[in-house]
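Novice: Following this message is one structure expressed as structure tokens.
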Amino acid sequence: MTVTMVPPPEALPDVLPTERLNQRAMPVRALRGELRRIPAWRNALTVIMALAQTFGVVIAAVVVDTWWAWLAAFVLMGRGHCLLNILGHEAAHRLLFPQRRLNDFVGRWLLGYPSLQAFNGYRRVHFAHHRDELGPDEPDRSLYAGYPIPVDSWRRKLRRDLFGQSAYKNLRSLYFGVRKLNREALQVLAVQVVLLGASIAAGEPLAYVVWLGAWCTLWKVSNRLRAIAEHGGMERSKDRRRTTHVIRQTRLARFAMVPYHTGWHLAHHVDMGVPWRNLPRLHHELVTSGWLVPDIEYPSYRSFWKACSNGSARTTAAAPHSAASSFLDFS
């Protein structure tokens with residue numbers, strides 16, 4: 001028999017609608033309005049803190065200038081790119097600031113381009129993902145398909161991420177975008193040139209090596225681990241419990257890999273207009289209604305990854321290799 005990661009029908013109670021949720025599990029109008037409020041000033045502080053953490057660790061390594069400081073900066077920058085990209089995702093949904101120009105400026109120039117995220121291209125493909133998760137036009141269909149997979153296949157994917165093969169595909173996309181004079185590719189390149197120039201001007205070109213090297217390796221591993229934990233092995237369905245996993249959030253996971261409540265991903269797919277601060281509240285509503293039950297929640301990310309790399313009983317082909325990112329899309 002074919003192993004699947006989709007919850008069985010008996011684990012998906014048919015309890016909707018309720019007084020607070022409609023048939024699709026979205027909050028009713030009054031609750032939706034409350035959950036969709038964007039706290040602009042708090043988000044501004046969050047962006048400042050994210051930038052301080054990412055640029056700060058590299059600046060600290062420049063000041064200390066010892067081998068262990070550079071190593072620490074490299075490791076922490078894997079998380080730093082995660083911070084920038086997740087907030088960039090929030091900006092792509094126009095949920096950072098109510099003012100569209102401000103939202104897109106911050107998402108593009110302060111969050112996306114420093115972390116090699118093609119903001120406009122990412123918004124386009126990400127909205128295609130939300131329109132029909134795992135459908136025929138799913139941009140990351142090859143990334144999510146085929147799970148669970150054999151352990152050796154899972155390890156090969158992570159090795160390709162860790163040693164830069166996935167990043168190489170993304171950087172080739174940037175290269176060809178620049179050759180075609182694609183406007184956003186040129187903007188991404190311009191920001192990277194500024195970062196490189198700043199590191200050279202400071203007398204420490206190693207700072208940019210750490211910045212880019214962490215993106216090419218640790219961030220790619222982290223991004224794949226998170227992405228597969230969101231939709232790996234699921235199926236196309238109007239019931240988002242069949243398209244998106246539910247994984248219990250811990251402080252360590254939220255610090256290292258799923259900051260800004262992005263781990264409450266099913267709530268995000270139920271209503272993608274809810275800002276990140278309110279996703280735990282929406283998740284709580286889904287649980288309280290009886291629509292989300294403990295039987296479909298993985299107790300940890302480690303338990304999920306163990307389940308998704310246990311494909312010995314599969315009778316179908318494993319998923320093809322895919323770079324765990326659509327961020328550098330200049331089409």
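Residue numbering restarts at 1 in every chain; chains get A, B, ... in the order shown in the structure tokens, and ligands count up from 1 in that same order.
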Step one, run DSSP on the backbone; step two, keep only residues of region 109-236 of chain A assigned to helix (DSSP H, G or I); then write them as a PyMOL selection string.
Specialist: chain A and resi 109-115+119-131+141-144+151-162+165-179+183-201+206-216+218-231
Novice: I'd like the neighbourhood of Tyr147 (chain A) as a ChimeraX atom specification, where a residue qualifies if any of its atoms comes within 6 Å (using only C-alpha atoms), though same-chain residues fewer than 5 positions away should be ignored.
Specialist: /A:232-233,308
Novice: List the spatial neighbours of His81 (chain A) as a list in words - criterion: any atom at most 8 Å away, only C-alpha atoms, same-chain residues fewer than 3 positions off excluded.
Specialist: Thr54, Met77, Gly78, Leu84, Asn85, Ser115, Trp215 and Trp219 of chain A
Novice: Any idea what the distance is between CA of Arg108 (chain A) and CA of Gly88 (chain A)?
Specialist: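 Atom-to-atom, CA of Arg108 (chain A) and CA of Gly88 (chain A) are spaced 7.6 Å apart.
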Novice: Counting only C-alpha atoms, which of A:Gly263, A:Gly135, A:Gly213, A:Gly107 gets nearest to Trp70 (chain A)?
Specialist: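 Nearest candidate to Trp70 (chain A) out of A:Gly263, A:Gly135, A:Gly213, A:Gly107: A:Gly213.
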Novice: When you look at region 118-125 of chain A with a cut-off of 10 Å (counting only C-alpha atoms), what residues show up, excluding the ones that are within fewer than 2 positions of it in the same chain? I need them as JSON, numbers by chain.
Specialist: {"A": [85, 88, 89, 91, 92, 93, 94, 104, 105, 107, 108, 109, 111, 112, 113, 114, 115, 116, 127, 128, 129, 130, 131, 137, 138, 139, 140, 174, 184, 185, 187, 188, 325, 326, 327, 328, 329, 330, 331]}
Novice: Dump C-alpha atoms for the selected residues as a short mmCIF file (atom, residue, chain, number, x, y, z; two decimals), in the first residue's frame?
Specialist:
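Final output, saved to again.cif:
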data_model
loop_
_atom_site.label_atom_id
_atom_site.label_comp_id
_atom_site.auth_asym_id
_atom_site.auth_seq_id
_atom_site.Cartn_x
_atom_site.Cartn_y
_atom_site.Cartn_z
CA ASN A 85 12.45 36.11 4.44
CA GLY A 88 9.27 39.46 3.46
CA HIS A 89 6.53 36.87 3.13
CA ALA A 91 5.04 42.03 3.22
CA ALA A 92 4.22 40.01 0.09
CA HIS A 93 0.77 39.49 1.63
CA ARG A 94 0.57 43.27 2.29
CA ASP A 104 6.20 47.18 -0.50
CA PHE A 105 9.21 49.46 -0.03
CA GLY A 107 9.38 44.31 1.84
CA ARG A 108 11.47 44.95 -1.25
CA TRP A 109 14.49 47.01 -0.17
CA LEU A 111 13.79 42.56 3.70
CA GLY A 112 13.68 40.94 0.26
CA TYR A 113 16.63 42.18 -1.76
CA PRO A 114 19.25 41.95 1.05
CA SER A 115 18.30 38.29 1.40
CA LEU A 116 18.14 37.69 -2.39
CA PHE A 127 -0.27 33.90 -4.56
CA ALA A 128 -0.50 31.13 -7.15
CA HIS A 129 0.30 28.75 -4.30
CA HIS A 130 -2.53 30.18 -2.19
CA ARG A 131 -5.07 30.13 -5.03
CA ASP A 137 -0.60 25.37 -11.12
CA GLU A 138 1.17 24.98 -7.76
CA PRO A 139 4.62 26.59 -8.30
CA ASP A 140 6.28 24.37 -5.67
CA LEU A 174 19.64 35.79 -10.87
CA GLU A 184 14.04 43.27 -10.25
CA ALA A 185 17.10 41.12 -10.92
CA GLN A 187 17.71 45.69 -8.11
CA VAL A 188 18.63 42.53 -6.19
CA SER A 325 12.58 28.23 -2.87
CA SER A 326 10.72 30.19 -5.54
CA PHE A 327 12.24 33.43 -4.30
CA LEU A 328 14.47 34.14 -7.31
CA ASP A 329 11.81 34.09 -10.02
CA PHE A 330 12.40 36.74 -12.67
CA SER A 331 10.04 35.40 -15.33
#
Novice: Pick the closest to Arg156 (chain A) from A:Tyr260, A:Ala44, A:Ser309, A:Ala69: which is it, counting only C-alpha atoms?
Specialist: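 Nearest to Arg156 (chain A): A:Ser309.
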Novice: Skipping near chain neighbours, those fewer than 4 positions away, what residues fall within 8 Å of region 296-302 of chain A using only C-alpha atoms, listed as a list in words?
Specialist: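 Within the cut-off, the hits are Pro7, Ala11, Ala229, His245, Val246, Ile247, Arg248, Gln249, Thr250, Ala253, Leu292 and Lys306 of chain A.
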Novice: Counting only C-alpha atoms, which residues in region 62-112 of chain A sit no more than 12 Å from region 33-39 of chain A? For each one, give the nearest pair of atoms and the distance in Å, sorted by chain then residue number, as a tab-separated table.
Specialist:
residue	atom	partner	partner_atom	distance
A:Glu90	CA	A:Ile38	CA	11.0
A:Ala91	CA	A:Ile38	CA	11.4
A:His93	CA	A:Ile38	CA	11.7
A:Arg94	CA	A:Ile38	CA	9.6
A:Leu95	CA	A:Ile38	CA	6.4
A:Leu96	CA	A:Ile38	CA	6.9
A:Phe97	CA	A:Ile38	CA	6.5
A:Pro98	CA	A:Ile38	CA	6.6
A:Gln99	CA	A:Ile38	CA	10.3
A:Asn103	CA	A:Ile38	CA	11.2
Novice: Which value, in Å to one decimal, gives the distance between CA of Arg241 (chain A) and CA of Leu266 (chain A)?
Specialist: 7.2 Å
Novice: Within 10 Å of Thr243 (chain A), counting only C-alpha atoms, which residues qualify if same-chain residues fewer than 6 places away don't, as a PyMOL selection string?
Specialist: chain A and resi 5-7+132-134+230-237+266+269
Novice: Mind checking which residues fall within 9 Å of Ala256 (chain A), counting only C-alpha atoms, ignoring those fewer than 2 positions away in the same chain, and posting them as a VMD selection string?
Specialist: chain A and resid 76 78 to 79 82 222 251 to 254 258 to 259
Novice: Using only C-alpha atoms, which residue out of A:Leu21, A:Ala207, A:Ala40, A:Leu286 lies closest to Asp65 (chain A)?
Specialist: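 Ranking A:Leu21, A:Ala207, A:Ala40, A:Leu286 by distance to Asp65 (chain A), first place goes to A:Ala207.
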Novice: Restricting the calculation to only C-alpha atoms: of A:Val274, A:Val64, A:Val221, A:Val106, which residue gets closest to Arg159 (chain A)?
Specialist: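 Counting only C-alpha atoms, the residue closest to Arg159 (chain A) is A:Val221.
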